[in-house]
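> Coordinates in model_14.txt, compact mmCIF, C-alpha atoms and all ligand atoms, are listed below.
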# COMPACT_ATOMS: atom_id res chain seq x y z
CA MET A 1 124.72 63.14 43.57
CA LYS A 2 125.05 66.89 43.73
CA THR A 3 128.28 68.05 45.27
CA ASP A 4 128.29 71.72 44.38
CA THR A 5 125.96 73.60 46.69
CA LYS A 6 126.72 77.02 45.32
CA ARG A 7 125.95 76.00 41.76
CA GLU A 8 122.71 74.38 42.81
CA ILE A 9 121.64 77.49 44.67
CA SER A 10 122.64 79.93 41.96
CA GLN A 11 120.26 78.14 39.60
CA LYS A 12 117.43 78.94 42.00
CA ARG A 13 117.93 82.63 42.08
CA THR A 14 118.26 83.69 38.46
CA THR A 15 114.69 84.91 38.12
CA ARG A 16 114.83 87.41 40.93
CA SER A 17 115.52 91.08 40.57
CA LEU A 18 118.24 92.11 42.93
CA LEU A 19 118.05 95.02 45.31
CA LEU A 20 119.64 98.14 44.05
CA VAL A 21 123.24 98.09 45.03
CA THR A 22 125.72 100.88 44.81
CA ALA A 23 129.03 100.12 43.23
CA VAL A 24 131.72 101.41 45.50
CA ALA A 25 134.64 99.79 43.70
CA VAL A 26 137.06 102.04 41.81
CA GLY A 27 134.97 105.11 42.54
CA ILE A 28 132.71 104.70 39.55
CA GLY A 29 129.60 105.16 41.66
CA ILE A 30 126.99 104.07 39.15
CA VAL A 31 123.85 102.44 40.45
CA ILE A 32 123.23 98.94 39.25
CA GLY A 33 120.35 96.52 39.74
CA ALA A 34 118.03 93.96 38.12
CA ASN A 35 118.90 90.53 36.88
CA PHE A 36 122.60 89.72 36.92
CA HIS A 37 122.89 88.66 33.28
CA GLN A 38 120.74 91.45 31.86
CA ASP A 39 122.50 93.92 34.03
CA ALA A 40 125.94 92.89 32.88
CA GLN A 41 124.79 93.44 29.32
CA ALA A 42 123.15 96.78 30.14
CA ALA A 43 126.25 98.02 31.92
CA ASN A 44 128.32 97.08 28.95
CA SER A 45 125.93 98.65 26.42
CA ASN A 46 125.84 101.91 28.40
CA LYS A 47 129.53 102.17 28.89
CA GLY A 48 130.86 100.44 25.82
CA ILE A 49 132.51 97.07 25.92
CA SER A 50 135.18 97.07 28.55
CA PRO A 51 136.29 94.38 30.96
CA VAL A 52 136.60 96.97 33.74
CA ASP A 53 133.09 98.48 33.48
CA ALA A 54 131.13 98.18 36.74
CA ARG A 55 128.61 95.37 36.70
CA ALA A 56 126.40 93.52 39.17
CA ARG A 57 128.34 91.54 41.73
CA ASP A 58 127.70 87.96 42.68
CA PHE A 59 128.79 88.47 46.27
CA TYR A 60 127.60 90.42 49.28
CA ALA A 61 129.58 93.46 50.38
CA PRO A 62 128.74 94.77 53.88
CA ASN A 63 127.11 98.20 53.95
CA SER A 64 126.16 98.17 50.30
CA GLU A 65 122.58 96.83 50.18
CA ASP A 66 119.34 97.95 51.79
CA LEU A 67 117.00 95.19 52.89
CA ALA A 68 113.55 95.30 51.33
CA PRO A 69 110.77 95.79 53.95
CA ASP A 70 109.65 92.17 53.54
CA GLU A 71 113.11 90.61 53.41
CA MET A 72 115.36 88.71 55.83
CA ARG A 73 119.13 88.46 55.53
CA LEU A 74 121.04 85.75 57.37
CA ILE A 75 124.83 85.82 57.63
CA ALA A 76 126.91 82.95 59.00
CA CYS A 77 129.39 84.45 61.46
CA GLY A 78 130.58 81.05 62.70
CA THR A 79 129.97 77.51 61.45
CA GLY A 80 132.77 75.50 63.06
CA MET A 81 133.62 73.49 66.12
CA PRO A 82 134.86 73.95 69.73
CA THR A 83 138.48 73.61 68.66
CA ALA A 84 139.48 76.92 67.09
CA ARG A 85 140.73 77.25 63.52
CA PRO A 86 141.43 80.34 61.40
CA LYS A 87 138.96 79.41 58.65
CA GLN A 88 135.84 78.90 60.77
CA ALA A 89 134.69 80.57 63.98
CA ALA A 90 132.29 78.58 66.15
CA SER A 91 128.49 78.84 65.91
CA CYS A 92 127.11 82.35 65.34
CA TRP A 93 124.33 83.61 63.08
CA LEU A 94 123.24 87.18 62.40
CA LEU A 95 119.65 87.59 61.26
CA GLU A 96 118.63 91.01 59.91
CA LEU A 97 115.00 91.87 59.18
CA GLY A 98 113.50 94.41 56.80
CA ASN A 99 111.97 96.22 59.80
CA GLY A 100 115.47 97.13 61.02
CA ASP A 101 115.73 94.50 63.77
CA LYS A 102 118.88 92.43 64.12
CA PHE A 103 119.35 89.25 66.17
CA LEU A 104 122.41 87.19 67.00
CA PHE A 105 121.86 83.47 67.48
CA ASP A 106 124.80 82.00 69.41
CA LEU A 107 128.12 83.76 69.82
CA GLY A 108 130.72 81.03 69.56
CA THR A 109 134.46 81.40 69.96
CA GLY A 110 135.97 83.62 67.28
CA SER A 111 132.67 84.96 65.98
CA ALA A 112 133.06 88.55 67.26
CA GLU A 113 135.68 89.05 64.56
CA ARG A 114 133.22 87.95 61.84
CA ILE A 115 130.56 90.26 63.27
CA ALA A 116 133.02 93.17 63.21
CA ALA A 117 133.68 92.57 59.52
CA LEU A 118 130.01 93.33 58.78
CA GLN A 119 130.44 96.93 60.00
CA ILE A 120 127.09 97.16 61.75
CA PRO A 121 126.87 99.88 64.44
CA TYR A 122 127.07 98.09 67.79
CA ASN A 123 123.89 99.70 69.08
CA TYR A 124 122.05 97.37 66.72
CA LEU A 125 123.89 94.29 68.04
CA ASP A 126 122.29 94.21 71.48
CA LYS A 127 120.14 91.06 71.28
CA VAL A 128 121.76 87.62 71.64
CA PHE A 129 119.96 84.27 71.81
CA LEU A 130 122.01 81.36 73.17
CA SER A 131 121.10 77.77 72.28
CA HIS A 132 123.25 76.36 75.11
CA LEU A 133 126.30 77.09 77.18
CA HIS A 134 129.05 75.22 75.38
CA THR A 135 131.89 77.63 74.58
CA ASP A 136 131.53 77.01 70.86
CA HIS A 137 128.10 78.65 71.24
CA PHE A 138 128.79 81.49 73.66
CA GLY A 139 132.60 81.75 73.98
CA ASP A 140 132.82 85.21 72.37
CA LEU A 141 130.15 86.83 74.51
CA ASP A 142 132.84 88.68 76.48
CA ALA A 143 134.40 89.94 73.23
CA LEU A 144 131.10 91.37 71.94
CA PHE A 145 130.22 92.69 75.39
CA VAL A 146 133.43 94.64 76.00
CA GLY A 147 134.50 95.32 72.42
CA GLY A 148 130.99 96.39 71.42
CA ALA A 149 130.65 98.75 74.40
CA LEU A 150 133.98 100.37 73.53
CA ALA A 151 132.92 100.85 69.92
CA GLY A 152 129.44 102.35 70.28
CA ARG A 153 126.99 100.01 72.00
CA GLN A 154 125.48 102.60 74.34
CA LYS A 155 123.05 100.25 76.05
CA PRO A 156 123.20 96.98 78.01
CA LEU A 157 123.66 93.74 76.12
CA ARG A 158 120.44 91.70 76.22
CA VAL A 159 120.84 87.92 76.33
CA TRP A 160 118.18 85.19 76.14
CA GLY A 161 119.14 81.67 77.12
CA PRO A 162 117.77 78.49 78.67
CA SER A 163 117.57 77.43 82.30
CA GLY A 164 119.33 74.24 83.35
CA ASP A 165 118.25 71.28 85.45
CA THR A 166 119.92 73.11 88.36
CA PRO A 167 120.29 76.89 88.80
CA GLU A 168 124.08 76.55 88.33
CA ARG A 169 123.57 75.12 84.87
CA GLY A 170 121.39 77.98 83.68
CA THR A 171 122.17 81.03 81.54
CA LYS A 172 121.68 83.50 84.39
CA TYR A 173 124.31 81.81 86.55
CA ALA A 174 126.77 81.63 83.66
CA LEU A 175 126.36 85.30 82.76
CA ASP A 176 126.37 86.58 86.34
CA HIS A 177 129.69 84.80 86.80
CA LEU A 178 131.06 85.91 83.46
CA TYR A 179 130.33 89.48 84.53
CA LYS A 180 132.14 88.85 87.82
CA ALA A 181 135.09 87.37 85.93
CA LEU A 182 135.33 90.69 84.10
CA THR A 183 135.71 92.68 87.33
CA TRP A 184 139.30 93.75 86.63
CA ASP A 185 138.50 94.60 83.01
CA LEU A 186 135.44 96.68 83.90
CA ASP A 187 136.99 98.42 86.93
CA GLY A 188 139.89 99.53 84.75
CA ARG A 189 137.52 101.29 82.36
CA LYS A 190 135.55 103.22 85.00
CA GLY A 191 135.83 106.95 84.51
CA ILE A 192 137.59 106.50 81.18
CA THR A 193 134.95 105.32 78.69
CA ASP A 194 131.21 105.78 78.04
CA PRO A 195 129.80 103.53 80.81
CA ARG A 196 126.43 102.68 79.31
CA GLY A 197 127.39 99.53 77.39
CA PHE A 198 129.23 98.06 80.38
CA GLN A 199 126.18 97.66 82.58
CA PRO A 200 125.46 94.04 83.63
CA PHE A 201 123.97 91.73 81.01
CA GLU A 202 120.18 91.91 80.84
CA VAL A 203 119.48 88.19 81.00
CA THR A 204 116.16 86.57 80.18
CA GLU A 205 116.37 82.95 81.28
CA PHE A 206 113.52 80.80 80.07
CA ASP A 207 112.47 77.21 80.79
CA TYR A 208 114.50 74.80 78.65
CA LYS A 209 111.55 72.40 78.75
CA GLY A 210 109.20 74.95 77.19
CA VAL A 211 107.74 73.55 73.99
CA ASN A 212 107.13 76.22 71.36
CA GLU A 213 106.59 78.81 74.09
CA ILE A 214 107.12 82.48 73.32
CA ILE A 215 110.35 83.88 74.79
CA TYR A 216 110.45 87.15 72.82
CA GLN A 217 107.76 89.26 71.20
CA GLU A 218 108.52 92.80 70.03
CA ASN A 219 108.03 94.88 66.91
CA GLY A 220 106.12 92.17 65.04
CA VAL A 221 108.78 89.53 65.75
CA THR A 222 107.99 86.37 67.73
CA ILE A 223 110.66 83.96 68.92
CA ARG A 224 109.81 80.61 70.47
CA SER A 225 112.03 77.91 71.94
CA ILE A 226 111.89 74.13 71.78
CA PRO A 227 114.02 71.65 73.76
CA ALA A 228 117.10 70.00 72.26
CA ILE A 229 118.88 66.78 73.27
CA HIS A 230 122.60 67.33 73.70
CA SER A 231 125.16 66.56 76.39
CA LEU A 232 122.98 67.47 79.42
CA ASP A 233 119.49 68.84 79.98
CA GLY A 234 119.32 72.51 78.96
CA PRO A 235 120.01 73.07 75.23
CA VAL A 236 117.27 74.51 73.01
CA SER A 237 116.52 75.54 69.44
CA PHE A 238 114.77 78.73 68.33
CA ILE A 239 111.96 79.53 65.90
CA LEU A 240 111.59 83.13 64.75
CA GLU A 241 108.50 84.30 62.88
CA TRP A 242 108.10 87.66 61.24
CA ASN A 243 106.19 88.94 58.26
CA ASP A 244 104.93 85.48 57.33
CA LEU A 245 108.48 84.12 57.22
CA LYS A 246 109.70 81.33 59.50
CA PHE A 247 113.36 81.01 60.45
CA VAL A 248 114.59 78.11 62.58
CA PHE A 249 117.93 78.00 64.35
CA GLY A 250 118.78 74.56 65.65
CA GLY A 251 121.37 74.37 68.39
CA ASP A 252 123.37 71.21 69.02
CA THR A 253 121.11 68.20 69.32
CA TYR A 254 120.41 64.59 68.61
CA PRO A 255 117.53 64.77 66.10
CA ASN A 256 114.41 65.38 68.16
CA LYS A 257 110.62 65.29 67.91
CA TRP A 258 110.17 68.97 68.76
CA TYR A 259 112.29 70.11 65.82
CA GLU A 260 110.45 67.58 63.65
CA GLU A 261 107.11 69.13 64.62
CA TYR A 262 107.81 72.84 64.99
CA ALA A 263 110.44 73.42 62.31
CA LYS A 264 108.12 72.00 59.68
CA ASP A 265 107.75 74.11 56.54
CA ALA A 266 110.33 76.66 57.67
CA ASP A 267 111.47 79.12 55.05
CA LEU A 268 115.00 78.49 56.25
CA ALA A 269 115.99 75.80 58.76
CA ILE A 270 119.46 75.60 60.28
CA HIS A 271 120.37 72.31 61.95
CA GLU A 272 123.68 70.99 63.13
CA CYS A 273 125.33 68.36 60.95
CA PHE A 274 128.45 66.86 62.46
CA VAL A 275 131.66 65.67 60.83
CA ALA A 276 131.17 62.25 59.20
CA VAL A 277 132.18 59.48 61.64
CA PRO A 278 135.11 58.08 59.58
CA ASP A 279 136.62 61.59 59.39
CA LEU A 280 136.30 61.97 63.16
CA VAL A 281 138.70 59.01 63.44
CA THR A 282 141.14 59.88 60.64
CA LYS A 283 141.20 63.68 60.91
CA PHE A 284 140.05 64.49 64.46
CA LYS A 285 142.00 61.50 65.84
CA PHE A 286 139.03 60.24 67.87
CA THR A 287 138.90 56.57 68.77
CA PRO A 288 136.21 54.72 66.75
CA GLN A 289 134.16 54.39 69.95
CA THR A 290 134.30 58.14 70.71
CA ALA A 291 133.66 58.97 67.05
CA LEU A 292 130.48 56.90 67.05
CA SER A 293 129.29 58.30 70.37
CA VAL A 294 130.01 61.99 69.64
CA GLY A 295 129.28 61.86 65.90
CA THR A 296 125.95 60.07 66.07
CA GLN A 297 124.60 60.23 69.64
CA ILE A 298 125.64 63.62 71.12
CA HIS A 299 125.38 65.32 67.72
CA THR A 300 123.55 64.78 64.42
CA ALA A 301 125.24 62.63 61.79
CA PRO A 302 124.89 63.83 58.16
CA GLU A 303 122.55 60.93 57.33
CA ALA A 304 120.31 61.94 60.25
CA PHE A 305 120.44 65.62 59.23
CA GLY A 306 119.15 64.57 55.81
CA LYS A 307 116.35 62.49 57.29
CA MET A 308 115.26 65.39 59.49
CA MET A 309 115.18 67.77 56.51
CA SER A 310 113.12 65.27 54.52
CA LEU A 311 110.66 65.24 57.42
CA ILE A 312 110.31 69.00 57.80
CA GLN A 313 110.69 70.05 54.14
CA PRO A 314 112.13 73.56 54.54
CA ARG A 315 112.51 75.93 51.59
CA MET A 316 116.22 75.91 52.44
CA ALA A 317 118.11 73.51 54.71
CA VAL A 318 121.34 74.78 56.24
CA ALA A 319 123.94 72.36 57.65
CA TYR A 320 126.75 73.50 59.94
CA HIS A 321 129.05 72.36 62.77
CA PHE A 322 131.69 70.59 60.70
CA PHE A 323 135.12 71.59 59.46
CA LYS A 324 134.34 72.36 55.84
CA ASP A 325 137.32 71.43 53.70
CA PHE A 326 137.90 70.19 50.17
CA ASP A 327 138.02 66.63 51.43
CA THR A 328 135.20 66.73 54.01
CA THR A 329 132.53 68.58 52.03
CA GLY A 330 132.02 65.83 49.46
CA PRO A 331 131.56 63.00 51.99
CA ILE A 332 129.16 65.08 54.10
CA ASN A 333 127.15 66.07 51.04
CA ASP A 334 127.03 62.47 49.80
CA ARG A 335 125.85 61.21 53.17
CA ILE A 336 123.13 63.89 53.43
CA ARG A 337 122.01 63.06 49.91
CA THR A 338 121.31 59.45 50.86
CA THR A 339 118.34 60.74 52.89
CA TYR A 340 117.43 64.21 51.50
CA ASP A 341 117.18 65.66 48.01
CA GLY A 342 115.81 69.17 48.68
CA PRO A 343 117.46 72.61 48.71
CA LEU A 344 120.64 72.55 50.77
CA SER A 345 123.39 74.91 51.90
CA LEU A 346 126.54 73.47 53.44
CA ALA A 347 127.37 76.52 55.53
CA GLU A 348 130.71 78.20 55.92
CA ASP A 349 131.66 81.50 57.54
CA TYR A 350 130.41 84.59 55.65
CA MET A 351 127.75 82.71 53.70
CA VAL A 352 124.72 85.01 53.17
CA TRP A 353 121.07 84.15 52.56
CA ASN A 354 118.52 86.73 51.37
CA ILE A 355 115.07 85.35 52.10
CA THR A 356 111.72 86.57 50.76
CA LYS A 357 108.45 84.78 50.08
CA ASP A 358 109.47 84.34 46.44
CA ASP A 359 113.14 83.58 46.60
CA ILE A 360 116.13 82.52 48.65
CA ARG A 361 119.37 83.83 47.29
CA VAL A 362 122.66 82.41 48.62
CA ARG A 363 125.99 84.13 48.22
CA MET A 364 129.25 84.64 50.01
CA ALA A 365 130.21 87.94 51.65
CA ILE A 366 133.53 89.48 50.81
CA VAL A 367 134.85 91.49 53.73
CA ASP A 368 137.60 93.97 54.48
CA GLU A 369 140.09 92.50 56.92
CA ASP A 370 141.38 96.00 57.75
CA VAL A 371 137.99 97.03 59.11
CA TRP A 372 137.64 99.68 61.85
CA PRO A 373 134.57 100.09 64.04
CA PRO A 374 131.58 101.86 62.48
CA LEU A 375 130.38 105.21 63.80
CA ALA A 376 128.20 105.08 66.90
CA THR A 377 124.55 105.86 66.22
CA GLU A 378 124.31 108.26 69.17
CA LYS A 379 126.60 110.85 70.69
CA PRO A 380 129.01 109.33 73.23
CA GLU A 381 128.39 110.13 76.90
CA LEU A 382 131.51 111.50 78.55
CA PRO A 383 132.56 109.43 81.58
CA ASP A 384 132.79 110.85 85.08
CA PRO A 385 136.56 111.09 85.78
CA SER A 386 135.95 110.96 89.54
CA LEU A 387 134.98 107.28 89.11
CA ARG A 388 138.47 106.42 87.99
CA ILE A 389 140.19 103.93 90.29
CA PRO A 390 143.70 105.27 91.00
CA TYR A 391 146.97 103.39 90.84
CA SER A 392 148.65 102.72 94.17
CA GLU A 393 151.44 105.10 95.06
CA PHE A 394 153.89 102.28 94.45
CA ILE A 395 152.76 101.73 90.84
CA ALA A 396 152.20 105.42 90.04
CA GLY A 397 155.71 106.14 91.32
CA GLY A 398 157.18 103.85 88.69
CA LYS A 399 156.35 106.05 85.69
CA SER A 400 159.29 107.01 83.48
CA ASP A 401 159.62 110.69 82.68
CA MET A 402 157.91 111.12 79.31
CA LYS A 403 156.20 114.49 79.88
CA ASP A 404 158.53 116.31 77.51
CA VAL A 405 157.69 114.09 74.55
CA ILE A 406 153.99 113.76 75.35
CA GLN A 407 153.36 117.51 75.82
CA PRO A 408 153.54 118.25 72.06
CA VAL A 409 150.78 115.66 71.52
CA TYR A 410 148.58 117.51 74.01
CA ASP A 411 149.43 120.82 72.32
CA GLU A 412 148.55 119.37 68.93
CA MET A 413 145.16 118.02 70.03
CA ASN A 414 144.25 121.06 72.16
CA LYS A 415 144.88 123.29 69.14
CA GLU A 416 143.05 121.04 66.68
CA TYR A 417 139.93 120.58 68.86
CA GLY A 418 139.94 123.80 70.92
CA LEU A 419 140.57 122.00 74.22
CA ASN A 420 142.59 122.67 77.34
CA GLU A 421 143.58 119.17 78.36
CA LYS A 422 146.50 118.59 80.71
CA GLN A 423 148.72 115.60 81.34
CA GLU A 424 148.07 113.50 84.43
CA ASP A 425 150.43 113.91 87.35
ZN ZN B 501 127.26 71.81 72.24
ZN ZN B 502 128.55 72.92 69.34
Could you express the structure from this file as structure tokens?
Ligand SMILES: [Zn+2]
Ligand SMILES: [Zn+2]

Amino acid sequence: MKTDTKREISQKRTTRSLLLVTAVAVGIGIVIGANFHQDAQAANSNKGISPVDARARDFYAPNSEDLAPDEMRLIACGTGMPTARPKQAASCWLLELGNGDKFLFDLGTGSAERIAALQIPYNYLDKVFLSHLHTDHFGDLDALFVGGALAGRQKPLRVWGPSGDTPERGTKYALDHLYKALTWDLDGRKGITDPRGFQPFEVTEFDYKGVNEIIYQENGVTIRSIPAIHSLDGPVSFILEWNDLKFVFGGDTYPNKWYEEYAKDADLAIHECFVAVPDLVTKFKFTPQTALSVGTQIHTAPEAFGKMMSLIQPRMAVAYHFFKDFDTTGPINDRIRTTYDGPLSLAEDYMVWNITKDDIRVRMAIVDEDVWPPLATEKPELPDPSLRIPYSEFIAGGKSDMKDVIQPVYDEMNKEYGLNEKQED
């Protein structure tokens, strides 16, 4: 039984030449590339033997690698569960293509923080595909919507999601009402910030019963949806095809015939794989009855995940939707391995897959927790101050007198930037 996914995967990638990457650490700034082992030797032979010489890294650092024109990069921005935990955000996957396109699949609770760590300008993060409307799959939509607009998304956020068996259970209803719930937030920003990113969500709601029907087709990228079986009618999974590569994102589901048929031969296939039933009782404190129902009927048990992967034979199978700890990983792996012996990644947050026709390389990203937003890709549009909604006289009249200590700040900035700004009354 294999229990070490990373080791298994690293054996698969040793023949591939890496993209050129620029070493940013310690300001050395030499360019390194090629096979990891050869490169380590070359770096040493060029620089002399030193343990601090720059050498190829075995991790992904945001903003340090170009994608090849024929390459996909997938980054797990959330692999966990509806109940929040610091180690794992809920379902969210960023797929970047060599043509420059970027897609977010799901945007579960906590995932906006993971996305921020990747330092991608928010103008590129404007396309979100939702598998269903459980909060662990769309609970951070408000965070990306508002936070992204404040930090440089200068266009509406586009969201694709399924209909429901009633209009109230569809994506359009959920997002229209989420936008309404943000009324106070959005009104308070009028006249103060660039308004373009705060426009209503551009929602494309498609039929959840559509079987392999196209829901998106732009720039050489085709995305189709297939139904999923989970909780109520409505959930779906997605299949993205580009440049002769096939990526499948499975939302929550009992294993189903549509995934079995249309995910076949995927280059990379993500499918949920729930916590093993005994651990649902001992660690999640479910009753045995609830554990069996949720762990095998509403979701996909590890044994069933393995059977599905044996049926569809992807180049890489990716399991997620479990708390991945030292004492849960082994049991899940063992249970999957009773029914599947192919390539497997047990996903955790910040796992990275580089996918080409010849190779799938799996690494972890190492991120900067002190990250600030990246520069916007376009010049900000100044807001119209006349749109500002004023305080009532009662509230405005409650201001303490701070003008004397604030005035030097205005003087400082006016001088630095050649402005003539004045304090509000
Ligand atoms: Zn769900
Ligand atoms: Zn879920």
> Figure out the distance between CA of Leu141 (chain A) and CA of Tyr60 (chain A), please, to one decimal in Å.
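Atom-to-atom, CA of Tyr60 (chain A) to CA of Leu141 (chain A), that is 25.6 Å.
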> Taking only C-alpha atoms and all ligand atoms and a cut-off of 7 Å, can you tell me which residues surround ligand ZN 502 (chain B), written as a ChimeraX atom specification?
/A:81-82,91,134,136-137,252,321
> Which is closest to ligand ZN 501 (chain B) among A:Lys209, A:Lys285, A:Lys180, A:His132, if we use all atoms listed in the file?
A:His132
> Identify which of the residues A:Glu96, A:Asp359, A:Asp404, A:Asp370 lies closest to Ile75 (chain A), counting only C-alpha atoms when measuring atom-to-atom distances.
A:Glu96
> Enumerate residues in contact with ligand ZN 501 (chain B): an atom-to-atom distance of at most 12 Å, counting only C-alpha atoms and all ligand atoms. Format the result as a compact mmCIF listing (two decimals) with C-alpha atoms, in the coordinates of the input.

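Okay, this is what ended up in part_6.txt:
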# COMPACT_ATOMS: atom_id res chain seq x y z
CA GLY A 80 132.77 75.50 63.06
CA MET A 81 133.62 73.49 66.12
CA PRO A 82 134.86 73.95 69.73
CA THR A 83 138.48 73.61 68.66
CA ALA A 90 132.29 78.58 66.15
CA SER A 91 128.49 78.84 65.91
CA ASP A 106 124.80 82.00 69.41
CA GLY A 108 130.72 81.03 69.56
CA LEU A 130 122.01 81.36 73.17
CA SER A 131 121.10 77.77 72.28
CA HIS A 132 123.25 76.36 75.11
CA LEU A 133 126.30 77.09 77.18
CA HIS A 134 129.05 75.22 75.38
CA THR A 135 131.89 77.63 74.58
CA ASP A 136 131.53 77.01 70.86
CA HIS A 137 128.10 78.65 71.24
CA PHE A 138 128.79 81.49 73.66
CA GLY A 139 132.60 81.75 73.98
CA ALA A 228 117.10 70.00 72.26
CA ILE A 229 118.88 66.78 73.27
CA HIS A 230 122.60 67.33 73.70
CA SER A 231 125.16 66.56 76.39
CA LEU A 232 122.98 67.47 79.42
CA ASP A 233 119.49 68.84 79.98
CA GLY A 234 119.32 72.51 78.96
CA PRO A 235 120.01 73.07 75.23
CA VAL A 236 117.27 74.51 73.01
CA SER A 237 116.52 75.54 69.44
CA GLY A 250 118.78 74.56 65.65
CA GLY A 251 121.37 74.37 68.39
CA ASP A 252 123.37 71.21 69.02
CA THR A 253 121.11 68.20 69.32
CA TYR A 254 120.41 64.59 68.61
CA GLU A 272 123.68 70.99 63.13
CA CYS A 273 125.33 68.36 60.95
CA PHE A 274 128.45 66.86 62.46
CA VAL A 294 130.01 61.99 69.64
CA GLY A 295 129.28 61.86 65.90
CA ILE A 298 125.64 63.62 71.12
CA HIS A 299 125.38 65.32 67.72
CA THR A 300 123.55 64.78 64.42
CA HIS A 321 129.05 72.36 62.77
> Using CA of Leu157 (chain A) and CA of Glu202 (chain A) as the two end points, give the distance in Å to one decimal.
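Between these atoms lies a distance of 6.1 Å.
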> Would you work out the distance separating CA of Ala276 (chain A) from CA of Glu261 (chain A), expressed in Å to one decimal?
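Between these atoms lies a distance of 25.6 Å.
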> Which residue, A:Gly342, A:Gly170, A:Pro255, A:Gly330, has the smallest gap to Ala304 (chain A) when you use all atoms listed in the file?
A:Pro255
> Excluding Tyr208 (chain A) and its own-chain neighbours fewer than 2 positions away, which residues fall within 9 Å of it when counting all atoms listed in the file? Please give them as a PDB file with C-alpha atoms, in the coordinates of the input.

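Output below, filename out.pdb:
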ATOM      1  CA  GLY A 161     119.140  81.670  77.120  1.00  0.00           C
ATOM      2  CA  PRO A 162     117.770  78.490  78.670  1.00  0.00           C
ATOM      3  CA  SER A 163     117.570  77.430  82.300  1.00  0.00           C
ATOM      4  CA  GLY A 164     119.330  74.240  83.350  1.00  0.00           C
ATOM      5  CA  ASP A 165     118.250  71.280  85.450  1.00  0.00           C
ATOM      6  CA  GLU A 205     116.370  82.950  81.280  1.00  0.00           C
ATOM      7  CA  PHE A 206     113.520  80.800  80.070  1.00  0.00           C
ATOM      8  CA  GLY A 210     109.200  74.950  77.190  1.00  0.00           C
ATOM      9  CA  VAL A 211     107.740  73.550  73.990  1.00  0.00           C
ATOM     10  CA  SER A 225     112.030  77.910  71.940  1.00  0.00           C
ATOM     11  CA  ILE A 226     111.890  74.130  71.780  1.00  0.00           C
ATOM     12  CA  PRO A 227     114.020  71.650  73.760  1.00  0.00           C
ATOM     13  CA  ALA A 228     117.100  70.000  72.260  1.00  0.00           C
ATOM     14  CA  ASP A 233     119.490  68.840  79.980  1.00  0.00           C
ATOM     15  CA  GLY A 234     119.320  72.510  78.960  1.00  0.00           C
ATOM     16  CA  PRO A 235     120.010  73.070  75.230  1.00  0.00           C
ATOM     17  CA  VAL A 236     117.270  74.510  73.010  1.00  0.00           C
TER      18      VAL A 236
END
> Determine the nearest neighbour of Gly148 (chain A) from the options A:Val248, A:Asn219, A:His271, A:Ala376, counting only C-alpha atoms.
A:Ala376
> Pull the neighbourhood of (115.7, 93.9, 50.6) for me: all residues within 12 Å in file coordinates, counting all atoms listed in the file, as a VMD selection string.
chain A and resid 16 to 21 64 to 74 96 to 100 353 to 357 359 to 361
> Would you please work out which residue, of A:Arg315, A:Arg189, A:Arg55, A:Arg114, is nearest to Asp140 (chain A) when using all atoms listed in the file?
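Looking only at the distances to Asp140 (chain A), the closest residue turns out to be A:Arg114.
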> Rank A:Gly197, A:Gly418, A:Gly397, A:Pro373 by their smallest atom-to-atom distance to Ala116 (chain A), using only C-alpha atoms, and report the top residue only.
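The closest residue to Ala116 (chain A) is A:Pro373.
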> Would you list the contacts of Asn63 (chain A) as a list of chain:residue names, taking every protein, DNA or RNA residue within 8 Å and counting all atoms listed in the file, but skipping same-chain residues closer than 2 positions in sequence?
A:Ala61, A:Glu65, A:Leu118, A:Gln119, A:Ile120
> Missing atoms in region 380-388 of chain A: can you complete it with N, CA and C atoms, as a compact mmCIF listing (two decimals), keeping the file's coordinate frame?

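Wrote it out as result05.txt, contents follow:
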# COMPACT_ATOMS: atom_id res chain seq x y z
N PRO A 380 128.47 109.98 72.03
CA PRO A 380 129.01 109.33 73.23
C PRO A 380 128.73 110.15 74.49
N GLU A 381 128.54 109.45 75.61
CA GLU A 381 128.39 110.13 76.90
C GLU A 381 129.77 110.18 77.55
N LEU A 382 130.20 111.39 77.94
CA LEU A 382 131.51 111.50 78.55
C LEU A 382 131.49 110.85 79.93
N PRO A 383 132.54 110.09 80.27
CA PRO A 383 132.56 109.43 81.58
C PRO A 383 132.84 110.44 82.69
N ASP A 384 132.52 110.03 83.91
CA ASP A 384 132.79 110.85 85.08
C ASP A 384 134.19 110.51 85.59
N PRO A 385 135.16 111.42 85.42
CA PRO A 385 136.56 111.09 85.78
C PRO A 385 136.74 110.77 87.26
N SER A 386 135.80 111.24 88.10
CA SER A 386 135.95 110.96 89.54
C SER A 386 135.75 109.47 89.85
N LEU A 387 135.19 108.72 88.88
CA LEU A 387 134.98 107.28 89.11
C LEU A 387 136.23 106.45 88.84
N ARG A 388 137.23 107.11 88.33
CA ARG A 388 138.47 106.42 87.99
C ARG A 388 139.10 105.82 89.24
